[in-house]
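Engineer: Just one file: coords-v5.cif, with mmCIF, C-alpha atoms.
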```
data_data
loop_
_atom_site.label_atom_id
_atom_site.label_comp_id
_atom_site.auth_asym_id
_atom_site.auth_seq_id
_atom_site.Cartn_x
_atom_site.Cartn_y
_atom_site.Cartn_z
CA MET A 25 35.44 104.68 112.02
CA ASN A 26 34.57 105.23 115.67
CA PRO A 27 32.27 108.29 115.74
CA ILE A 28 33.48 108.91 119.29
CA GLN A 29 37.06 107.83 119.88
CA ILE A 30 38.86 107.90 123.22
CA GLY A 31 42.57 107.63 123.97
CA VAL A 32 45.41 109.12 125.97
CA CYS A 33 48.40 111.36 125.40
CA GLY A 34 51.49 109.31 124.63
CA TRP A 35 51.64 105.53 124.85
CA GLY A 36 54.80 104.85 126.82
CA ASP A 37 53.98 105.70 130.44
CA HIS A 38 50.65 104.00 131.09
CA ASP A 39 49.88 100.91 133.14
CA LEU A 40 48.73 98.87 130.15
CA TYR A 41 51.60 96.48 129.49
CA PRO A 42 53.08 93.31 130.97
CA ALA A 43 56.09 93.91 133.18
CA GLY A 44 59.28 94.24 131.20
CA THR A 45 57.61 95.21 127.91
CA ALA A 46 60.18 96.95 125.70
CA ASP A 47 59.32 100.46 124.57
CA ARG A 48 59.30 99.38 120.93
CA ARG A 49 56.53 96.86 121.67
CA LYS A 50 54.19 99.22 123.48
CA LEU A 51 52.37 100.93 120.61
CA PRO A 52 50.95 97.70 119.12
CA LEU A 53 49.79 96.69 122.61
CA TYR A 54 48.34 100.14 123.25
CA ALA A 55 46.28 99.77 120.06
CA GLY A 56 44.52 96.83 121.68
CA HIS A 57 43.10 99.19 124.32
CA PHE A 58 42.42 102.47 122.49
CA PRO A 59 41.76 103.52 118.86
CA VAL A 60 43.61 106.84 119.01
CA VAL A 61 46.71 108.33 120.62
CA GLU A 62 48.35 111.72 120.86
CA VAL A 63 51.97 111.69 119.69
CA ASP A 64 53.83 113.94 122.14
CA THR A 65 57.41 113.25 121.10
CA THR A 66 56.93 115.45 118.04
CA TYR A 67 56.78 118.47 120.34
CA HIS A 68 60.40 117.88 121.35
CA VAL A 69 61.90 116.73 118.04
CA ILE A 70 60.68 116.22 114.48
CA PRO A 71 60.93 112.46 113.82
CA PRO A 72 62.14 111.19 110.45
CA PRO A 73 59.33 110.04 108.14
CA GLU A 74 60.57 106.45 108.50
CA ARG A 75 59.74 106.45 112.21
CA MET A 76 56.28 107.88 111.62
CA ALA A 77 55.74 105.25 108.92
CA GLN A 78 56.77 102.54 111.39
CA TRP A 79 54.23 103.74 113.96
CA GLU A 80 51.57 103.84 111.29
CA GLU A 81 52.38 100.30 110.17
CA GLU A 82 52.30 98.95 113.74
CA THR A 83 48.67 99.95 114.25
CA PRO A 84 45.36 98.65 112.84
CA GLU A 85 43.70 100.24 109.84
CA ALA A 86 41.12 102.05 112.00
CA PHE A 87 43.73 103.50 114.38
CA ARG A 88 44.25 107.28 114.43
CA PHE A 89 46.96 109.71 115.55
CA VAL A 90 46.81 113.27 116.83
CA VAL A 91 50.33 114.65 116.30
CA LYS A 92 51.56 117.50 118.45
CA ALA A 93 53.26 120.33 116.56
CA TYR A 94 56.98 120.84 117.10
CA ARG A 95 57.77 123.38 119.82
CA GLU A 96 59.35 126.03 117.58
CA MET A 97 56.14 126.05 115.53
CA THR A 98 54.11 127.08 118.59
CA GLY A 99 56.39 129.74 120.08
CA HIS A 100 57.98 127.58 122.77
CA GLY A 101 61.49 128.26 121.49
CA ARG A 102 64.30 126.07 120.30
CA ARG A 103 65.29 123.07 122.38
CA GLU A 104 68.87 123.07 123.62
CA GLY A 105 71.04 121.28 121.07
CA ALA A 106 68.42 121.44 118.32
CA PRO A 107 69.68 122.45 114.87
CA ILE A 108 69.23 126.07 113.87
CA ARG A 109 66.77 126.23 110.96
CA SER A 110 64.52 128.83 109.40
CA MET A 111 60.80 128.56 110.10
CA LYS A 112 60.27 127.65 106.46
CA GLU A 113 62.68 124.72 106.84
CA ILE A 114 61.00 123.63 110.08
CA PHE A 115 57.55 123.62 108.50
CA GLN A 116 58.84 121.70 105.49
CA GLU A 117 60.56 119.11 107.69
CA PHE A 118 57.46 118.66 109.82
CA ALA A 119 55.27 118.27 106.74
CA ALA A 120 57.58 115.53 105.44
CA SER A 121 57.54 113.84 108.85
CA ILE A 122 53.76 113.48 109.07
CA ARG A 123 53.26 112.49 105.42
CA PRO A 124 53.22 108.69 106.04
CA MET A 125 50.35 109.02 108.52
CA GLU A 126 48.54 111.45 106.26
CA ARG A 127 48.83 109.15 103.22
CA ALA A 128 47.57 106.20 105.25
CA GLY A 129 44.51 108.18 106.35
CA LYS A 130 45.46 107.82 110.00
CA LEU A 131 46.13 111.47 110.85
CA THR A 132 43.22 112.94 112.79
CA ALA A 133 44.94 116.31 113.23
CA VAL A 134 48.14 118.17 113.97
CA LEU A 135 47.75 119.83 117.37
CA PHE A 136 49.14 123.35 117.80
CA GLN A 137 49.23 123.94 121.55
CA PHE A 138 50.25 127.53 122.21
CA PRO A 139 51.90 128.55 125.51
CA PRO A 140 50.22 130.36 128.43
CA TRP A 141 51.76 133.69 127.44
CA TYR A 142 50.35 133.49 123.89
CA GLU A 143 47.61 136.07 124.32
CA CYS A 144 44.99 137.22 121.83
CA THR A 145 46.76 139.80 119.68
CA LEU A 146 46.71 140.72 116.01
CA GLU A 147 50.29 139.47 115.64
CA HIS A 148 49.36 136.05 116.99
CA VAL A 149 46.22 135.88 114.86
CA ARG A 150 48.35 136.55 111.80
CA TYR A 151 50.80 133.82 112.78
CA ILE A 152 48.02 131.29 113.24
CA ARG A 153 46.77 132.18 109.77
CA CYS A 154 50.28 131.59 108.40
CA CYS A 155 50.33 128.14 110.03
CA ARG A 156 47.08 127.29 108.29
CA GLN A 157 48.53 128.42 104.97
CA ALA A 158 51.65 126.28 105.54
CA PHE A 159 49.50 123.13 105.83
CA PRO A 160 46.58 123.79 103.45
CA ASP A 161 45.50 120.16 103.14
CA ILE A 162 46.06 118.95 106.72
CA SER A 163 43.55 118.92 109.57
CA LEU A 164 44.87 121.33 112.19
CA ALA A 165 43.72 121.79 115.79
CA VAL A 166 44.55 124.74 118.03
CA GLU A 167 44.67 124.76 121.82
CA PHE A 168 44.98 128.06 123.63
CA ARG A 169 46.36 128.31 127.14
CA ASN A 170 45.79 132.01 127.61
CA ARG A 171 42.39 133.13 128.83
CA THR A 172 42.29 136.30 126.73
CA TRP A 173 41.14 134.31 123.67
CA PHE A 174 37.87 133.55 125.47
CA GLU A 175 37.23 136.78 127.32
CA PRO A 176 33.74 138.12 126.52
CA ARG A 177 35.07 140.70 124.04
CA PHE A 178 37.04 138.06 122.06
CA ARG A 179 35.25 134.73 122.55
CA GLU A 180 32.92 134.80 119.55
CA ARG A 181 35.54 136.46 117.35
CA THR A 182 38.03 133.74 118.28
CA LEU A 183 35.62 130.95 117.39
CA ARG A 184 34.58 132.66 114.17
CA PHE A 185 38.22 133.13 113.17
CA LEU A 186 38.96 129.43 113.76
CA GLU A 187 35.89 128.41 111.77
CA GLU A 188 36.76 130.69 108.86
CA GLU A 189 40.35 129.46 108.78
CA GLY A 190 39.41 125.78 109.03
CA TRP A 191 40.89 125.07 112.46
CA ILE A 192 39.59 122.50 114.95
CA HIS A 193 39.00 124.27 118.26
CA VAL A 194 40.42 122.16 121.11
CA ILE A 195 37.99 122.04 124.01
CA CYS A 196 39.87 121.79 127.32
CA ASP A 197 39.00 120.48 130.74
CA GLU A 198 41.67 121.99 132.99
CA PRO A 199 42.06 123.83 136.29
CA GLN A 200 40.77 127.38 136.41
CA ALA A 201 43.99 128.92 137.65
CA GLY A 202 44.28 132.41 136.25
CA ILE A 203 45.33 133.88 132.93
CA GLY A 204 47.30 130.75 131.94
CA SER A 205 44.22 128.54 131.80
CA VAL A 206 41.08 128.53 129.66
CA PRO A 207 37.45 127.77 130.50
CA ILE A 208 35.46 124.92 129.03
CA VAL A 209 34.18 126.21 125.69
CA PRO A 210 32.21 123.34 124.10
CA ALA A 211 32.00 124.90 120.64
CA VAL A 212 32.54 123.34 117.21
CA THR A 213 34.53 125.19 114.53
CA HIS A 214 35.14 122.35 112.06
CA PRO A 215 32.51 120.19 110.30
CA ARG A 216 34.40 116.90 110.62
CA GLN A 217 36.19 116.96 113.95
CA ALA A 218 35.81 118.01 117.57
CA LEU A 219 38.76 117.46 119.92
CA ILE A 220 38.62 117.43 123.73
CA ARG A 221 41.71 117.22 125.96
CA PHE A 222 41.43 116.37 129.64
CA HIS A 223 44.29 117.84 131.69
CA GLY A 224 42.87 117.20 135.17
CA ARG A 225 41.74 119.77 137.72
CA ASN A 226 44.80 120.11 139.94
CA ARG A 227 44.46 123.84 140.49
CA SER A 228 47.33 124.12 142.98
CA GLY A 229 49.74 122.38 140.61
CA TRP A 230 48.76 124.00 137.32
CA ASN A 231 51.06 127.03 137.49
CA GLN A 232 54.80 126.64 138.00
CA ASN A 233 54.98 128.93 141.05
CA GLY A 234 58.74 128.62 141.55
CA ARG A 235 58.89 124.86 141.04
CA SER A 236 61.67 123.34 138.97
CA ASN A 237 60.57 122.02 135.58
CA ALA A 238 60.91 118.44 136.83
CA ASP A 239 58.85 119.07 139.97
CA TRP A 240 56.22 120.93 137.98
CA ARG A 241 55.82 118.12 135.44
CA SER A 242 55.39 115.65 138.29
CA VAL A 243 52.37 117.48 139.73
CA ARG A 244 50.76 119.54 136.96
CA TYR A 245 48.70 116.69 135.51
CA ALA A 246 48.35 114.74 138.75
CA TYR A 247 44.61 114.28 138.98
CA ARG A 248 42.07 111.44 138.86
CA TYR A 249 38.64 112.43 137.62
CA THR A 250 35.70 111.18 139.64
CA GLY A 251 32.80 109.43 138.00
CA ALA A 252 30.63 112.50 138.62
CA GLU A 253 33.19 114.77 136.93
CA LEU A 254 33.31 112.52 133.87
CA MET A 255 29.51 112.35 133.77
CA GLU A 256 29.53 116.13 133.26
CA TRP A 257 30.94 115.38 129.80
CA VAL A 258 28.56 112.68 128.60
CA ASP A 259 25.84 115.06 127.45
CA ARG A 260 28.40 117.55 126.10
CA VAL A 261 30.04 114.89 123.95
CA GLN A 262 26.72 113.69 122.59
CA LYS A 263 25.75 117.24 121.63
CA LEU A 264 29.12 117.77 119.94
CA LYS A 265 28.65 114.50 118.03
CA GLU A 266 25.44 115.89 116.53
CA GLN A 267 27.51 118.63 114.88
CA VAL A 268 30.56 116.74 113.56
CA GLU A 269 31.53 113.43 112.01
CA GLN A 270 33.88 112.43 114.82
CA VAL A 271 34.65 113.49 118.39
CA THR A 272 38.06 112.65 119.85
CA LEU A 273 38.69 112.60 123.60
CA LEU A 274 42.29 112.54 124.86
CA PHE A 275 43.25 112.17 128.52
CA ASN A 276 46.45 113.93 129.57
CA ASN A 277 46.08 113.60 133.37
CA ASN A 278 48.98 111.22 133.73
CA SER A 279 51.50 112.72 136.15
CA ARG A 280 50.54 109.87 138.48
CA GLY A 281 49.14 107.34 136.02
CA ASP A 282 45.44 108.21 135.97
CA ALA A 283 44.86 108.89 132.26
CA ALA A 284 44.29 105.34 130.99
CA ASP A 285 41.93 104.42 133.82
CA ASN A 286 39.87 107.57 133.34
CA ALA A 287 39.75 107.02 129.57
CA LYS A 288 38.38 103.50 130.06
CA GLN A 289 35.95 104.77 132.67
CA MET A 290 34.68 107.31 130.15
CA MET A 291 34.09 104.54 127.62
CA GLU A 292 31.99 102.68 130.18
CA LEU A 293 29.97 105.75 131.16
CA MET A 294 29.16 106.41 127.50
CA ASN A 295 28.54 102.72 126.78
CA LEU A 296 31.06 102.79 123.95
CA GLU A 297 32.64 99.77 122.29
CA MET A 298 35.68 100.77 120.30
CA LYS A 299 35.92 99.10 116.90
CA GLY A 300 39.06 98.14 115.00
CA LEU A 301 41.34 97.57 117.98
CA ALA A 302 44.40 95.35 117.73
CA PRO A 303 43.96 91.80 119.06
CA ARG A 304 44.71 91.73 122.80
CA GLN A 305 46.59 88.44 122.42
CA LEU A 306 49.53 90.45 121.11
CA GLY A 307 50.34 91.01 124.76
CA ILE A 308 51.53 87.42 125.26
CA PHE A 309 54.62 87.89 123.05
#
```
Output the file's structure in the form of structure tokens.
Structural biologist:
Amino acid sequence: MNPIQIGVCGWGDHDLYPAGTADRRKLPLYAGHFPVVEVDTTYHVIPPPERMAQWEEETPEAFRFVVKAYREMTGHGRREGAPIRSMKEIFQEFAASIRPMERAGKLTAVLFQFPPWYECTLEHVRYIRCCRQAFPDISLAVEFRNRTWFEPRFRERTLRFLEEEGWIHVICDEPQAGIGSVPIVPAVTHPRQALIRFHGRNRSGWNQNGRSNADWRSVRYAYRYTGAELMEWVDRVQKLKEQVEQVTLLFNNNSRGDAADNAKQMMELMNLEMKGLAPRQLGIF
């Protein structure tokens, strides 16, 4: 196990592969560069267990996945054309989907990323508790995108609630752009895992501000961290590592292809050598 593991969000859109590499070949090649990946497709659709099993089988024994929770599970609404199901059915289907990764010991956590309007209310606290009860034996991580959870009157109560309920608090590096963004809160709420997601610091692009969805996606995560900005995290990560078994860093700043480079730069700054990667020679096929 890599006590500190670094990867990126998604494996399809990064400059890691030989020209013309088919999508189905990318995950095994990705696993030669990084020991962990965030699965983003699960936000849009719940994959069949067979597909999750295939991804698990294509990666080395030490490889790990952070799987993003399906959008209806985090209050983002039903995707156009998606089947109409009860929440109980959705949770059951998602649980079946992730089971192959769970059984293989490759599931770091399921990531519940709540939307910017998901403020700190009793109703939302109760829902988060219900999510925990729906997956009693799975590692769950929660990322808030509404600042109210970390206002002075709620900050310690939020962290205590997550600790009591067994949630991994997702520490975010993101633009400070109003109510729909959260500050850096380098706190641990789970004894085994700490999870950090790097979204970039593009303050002007963070909020939609009348942009179309396509235009917004093209700029929101457009940011390349400087070496000095990444160095801010070296001491933080080391302190977090003293409190947990494993720290996972995921770079999501990829609107313009910066995530993989910044992830590798972070490895160099921390003098980390990732163990258990796939052989790089896979890339010749």
Engineer: Counting only C-alpha atoms, which residue out of A:Glu74, A:Gly234, A:Met291, A:Leu51 sits closest to A:Asp37?
Structural biologist: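 Residue with the minimum atom-to-atom distance to A:Asp37: A:Leu51.
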Engineer: Could you list the residues chosen by the PyMOL selection byres ((chain A and resi 260-262) around 10) in this structure as a PDB file with C-alpha atoms, keeping the file's coordinate frame?
Structural biologist:
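Listed below is the output, selection_22.pdb:
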```pdb
ATOM      1  CA  ILE A  28      33.480 108.910 119.290  1.00  0.00           C
ATOM      2  CA  PRO A 210      32.210 123.340 124.100  1.00  0.00           C
ATOM      3  CA  ALA A 211      32.000 124.900 120.640  1.00  0.00           C
ATOM      4  CA  ALA A 218      35.810 118.010 117.570  1.00  0.00           C
ATOM      5  CA  LEU A 219      38.760 117.460 119.920  1.00  0.00           C
ATOM      6  CA  ILE A 220      38.620 117.430 123.730  1.00  0.00           C
ATOM      7  CA  MET A 255      29.510 112.350 133.770  1.00  0.00           C
ATOM      8  CA  GLU A 256      29.530 116.130 133.260  1.00  0.00           C
ATOM      9  CA  TRP A 257      30.940 115.380 129.800  1.00  0.00           C
ATOM     10  CA  VAL A 258      28.560 112.680 128.600  1.00  0.00           C
ATOM     11  CA  ASP A 259      25.840 115.060 127.450  1.00  0.00           C
ATOM     12  CA  LYS A 263      25.750 117.240 121.630  1.00  0.00           C
ATOM     13  CA  LEU A 264      29.120 117.770 119.940  1.00  0.00           C
ATOM     14  CA  LYS A 265      28.650 114.500 118.030  1.00  0.00           C
ATOM     15  CA  GLU A 266      25.440 115.890 116.530  1.00  0.00           C
ATOM     16  CA  GLN A 267      27.510 118.630 114.880  1.00  0.00           C
ATOM     17  CA  VAL A 271      34.650 113.490 118.390  1.00  0.00           C
ATOM     18  CA  THR A 272      38.060 112.650 119.850  1.00  0.00           C
ATOM     19  CA  LEU A 273      38.690 112.600 123.600  1.00  0.00           C
ATOM     20  CA  MET A 294      29.160 106.410 127.500  1.00  0.00           C
TER      21      MET A 294
END
```
Engineer: Which polymer residues have any atom within 6 Å of an atom of stretch 161-170 of chain A, counting all atoms listed in the file, with same-chain residues fewer than 5 positions away left out, as a PyMOL selection string?
Structural biologist: chain A and resi 133-140+143+191-194+203-206
Engineer: Would you translate the PyMOL selection byres ((chain A and resi 68-73) around 9) into the concrete set of residues it matches in this file, as a ChimeraX atom specification?
Structural biologist: /A:64-67,74-78,93-95,103,106,114,117-118,120-124
Engineer: Measuring between all atoms listed in the file, which one of A:Leu274, A:Ala284, A:Val209, A:Cys144 shows the shortest distance to A:Arg88?
Structural biologist: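 For A:Arg88, the nearest of the given residues is A:Leu274.
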Engineer: Have a look at A:Leu254, A:Ala238, A:Val60, A:Ala86 and name the one nearest to A:Glu292; count all atoms listed in the file.
Structural biologist: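 Closest candidate: A:Leu254.
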Engineer: For A:Ala283, which of A:Tyr151, A:Trp141, A:Tyr41, A:Phe222 is the closest residue, counting only C-alpha atoms?
Structural biologist: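 Looking only at the distances to A:Ala283, the closest residue turns out to be A:Phe222.
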Engineer: Taking into account only C-alpha atoms, which residue in the set A:Arg225, A:Arg127, A:Arg235, A:Lys92 is nearest to A:Thr250?
Structural biologist: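 Using only C-alpha atoms, the shortest distance to A:Thr250 belongs to A:Arg225.
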Engineer: Skip A:Pro27 itself and residues of its chain fewer than 2 positions away, then list as a short mmCIF file (atom, residue, chain, number, x, y, z; two decimals) with C-alpha atoms, keeping the file's coordinate frame all residues within 7 Å of it, counting all atoms listed in the file.
Structural biologist:
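Writing the result to out11.cif gives the following:
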```cif
data_model
loop_
_atom_site.label_atom_id
_atom_site.label_comp_id
_atom_site.auth_asym_id
_atom_site.auth_seq_id
_atom_site.Cartn_x
_atom_site.Cartn_y
_atom_site.Cartn_z
CA MET A 25 35.44 104.68 112.02
CA GLN A 29 37.06 107.83 119.88
CA GLU A 269 31.53 113.43 112.01
CA GLN A 270 33.88 112.43 114.82
CA VAL A 271 34.65 113.49 118.39
#
```
Engineer: Quick one, how far is atom CA of A:Arg244 from atom CA of A:Met298?
Structural biologist: 29.3 Å
Engineer: Hey, can you check how far atom CA of A:Ile108 sits from atom CA of A:His148?
Structural biologist: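 Separating atom CA of A:Ile108 from atom CA of A:His148 is a distance of 22.5 Å.
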Engineer: Could you tell me which of A:Phe174, A:Tyr249, A:Phe159, A:Trp230 comes closest to A:Ile195 if we count all atoms listed in the file?
Structural biologist: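 Closest to A:Ile195, using all atoms listed in the file: A:Phe174.
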Engineer: Using the chain letters and numbers from the file, give me the residues hit by the PyMOL selection byres ((chain A and resi 48-50) around 10), as a ChimeraX atom specification.
Structural biologist: /A:35-38,40-42,45-47,51-55,79,82,306-307,309
Engineer: Distance atom CA of A:Glu297-atom CA of A:Asp285, one decimal place?
Structural biologist: 15.5 Å
Engineer: Taking (55.2, 119.9, 134.4) as a centre in this file's frame and 12 Å as the limit, can you find every polymer residue with an atom that close, using only C-alpha atoms, and give them as a PDB file with C-alpha atoms, in the frame of the given file?
Structural biologist:
```pdb
ATOM      1  CA  HIS A 223      44.290 117.840 131.690  1.00  0.00           C
ATOM      2  CA  ASN A 226      44.800 120.110 139.940  1.00  0.00           C
ATOM      3  CA  GLY A 229      49.740 122.380 140.610  1.00  0.00           C
ATOM      4  CA  TRP A 230      48.760 124.000 137.320  1.00  0.00           C
ATOM      5  CA  ASN A 231      51.060 127.030 137.490  1.00  0.00           C
ATOM      6  CA  GLN A 232      54.800 126.640 138.000  1.00  0.00           C
ATOM      7  CA  ASN A 233      54.980 128.930 141.050  1.00  0.00           C
ATOM      8  CA  GLY A 234      58.740 128.620 141.550  1.00  0.00           C
ATOM      9  CA  ARG A 235      58.890 124.860 141.040  1.00  0.00           C
ATOM     10  CA  SER A 236      61.670 123.340 138.970  1.00  0.00           C
ATOM     11  CA  ASN A 237      60.570 122.020 135.580  1.00  0.00           C
ATOM     12  CA  ALA A 238      60.910 118.440 136.830  1.00  0.00           C
ATOM     13  CA  ASP A 239      58.850 119.070 139.970  1.00  0.00           C
ATOM     14  CA  TRP A 240      56.220 120.930 137.980  1.00  0.00           C
ATOM     15  CA  ARG A 241      55.820 118.120 135.440  1.00  0.00           C
ATOM     16  CA  SER A 242      55.390 115.650 138.290  1.00  0.00           C
ATOM     17  CA  VAL A 243      52.370 117.480 139.730  1.00  0.00           C
ATOM     18  CA  ARG A 244      50.760 119.540 136.960  1.00  0.00           C
ATOM     19  CA  TYR A 245      48.700 116.690 135.510  1.00  0.00           C
ATOM     20  CA  ALA A 246      48.350 114.740 138.750  1.00  0.00           C
ATOM     21  CA  ASN A 276      46.450 113.930 129.570  1.00  0.00           C
ATOM     22  CA  ASN A 277      46.080 113.600 133.370  1.00  0.00           C
ATOM     23  CA  ASN A 278      48.980 111.220 133.730  1.00  0.00           C
ATOM     24  CA  SER A 279      51.500 112.720 136.150  1.00  0.00           C
ATOM     25  CA  ARG A 280      50.540 109.870 138.480  1.00  0.00           C
TER      26      ARG A 280
END
```
Engineer: With the cut-off set at 12 Å and counting all atoms listed in the file, tabulate each residue of stretch 81-109 of chain A with an atom at most that distance from an atom of stretch 155-158 of chain A, showing the nearest atom pair and its distance in Å to one decimal, ordered by chain and increasing number, as CSV.
Structural biologist:
```
residue,atom,partner,partner_atom,distance
A:Ala93,CA,A:Cys155,CA,10.6
A:Glu96,CA,A:Cys155,CA,12.0
A:Met97,CA,A:Cys155,CA,8.3
A:Thr98,CA,A:Cys155,CA,9.4
A:Gly99,CA,A:Cys155,CA,11.8
```
Engineer: Taking 4 positions as the minimum chain separation for residues in the same chain, which residues sit within 7 Å of A:Leu183 when counting only C-alpha atoms? Answer as a list in words.
Structural biologist: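 Selected residues are Arg179, Glu187 and Thr213 of chain A.
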Engineer: Using the file's own x, y and z axes, so that the box edges lie along x, y and z, what centre and edge lengths in Å (one decimal) does a box around every listed atom of stretch 94-112 of chain A get when 6 Å is added on each side? Give it as JSON.
Structural biologist:
```
{"center_x": 62.6, "center_y": 125.3, "center_z": 115.0, "size_x": 28.9, "size_y": 20.9, "size_z": 29.2}
```
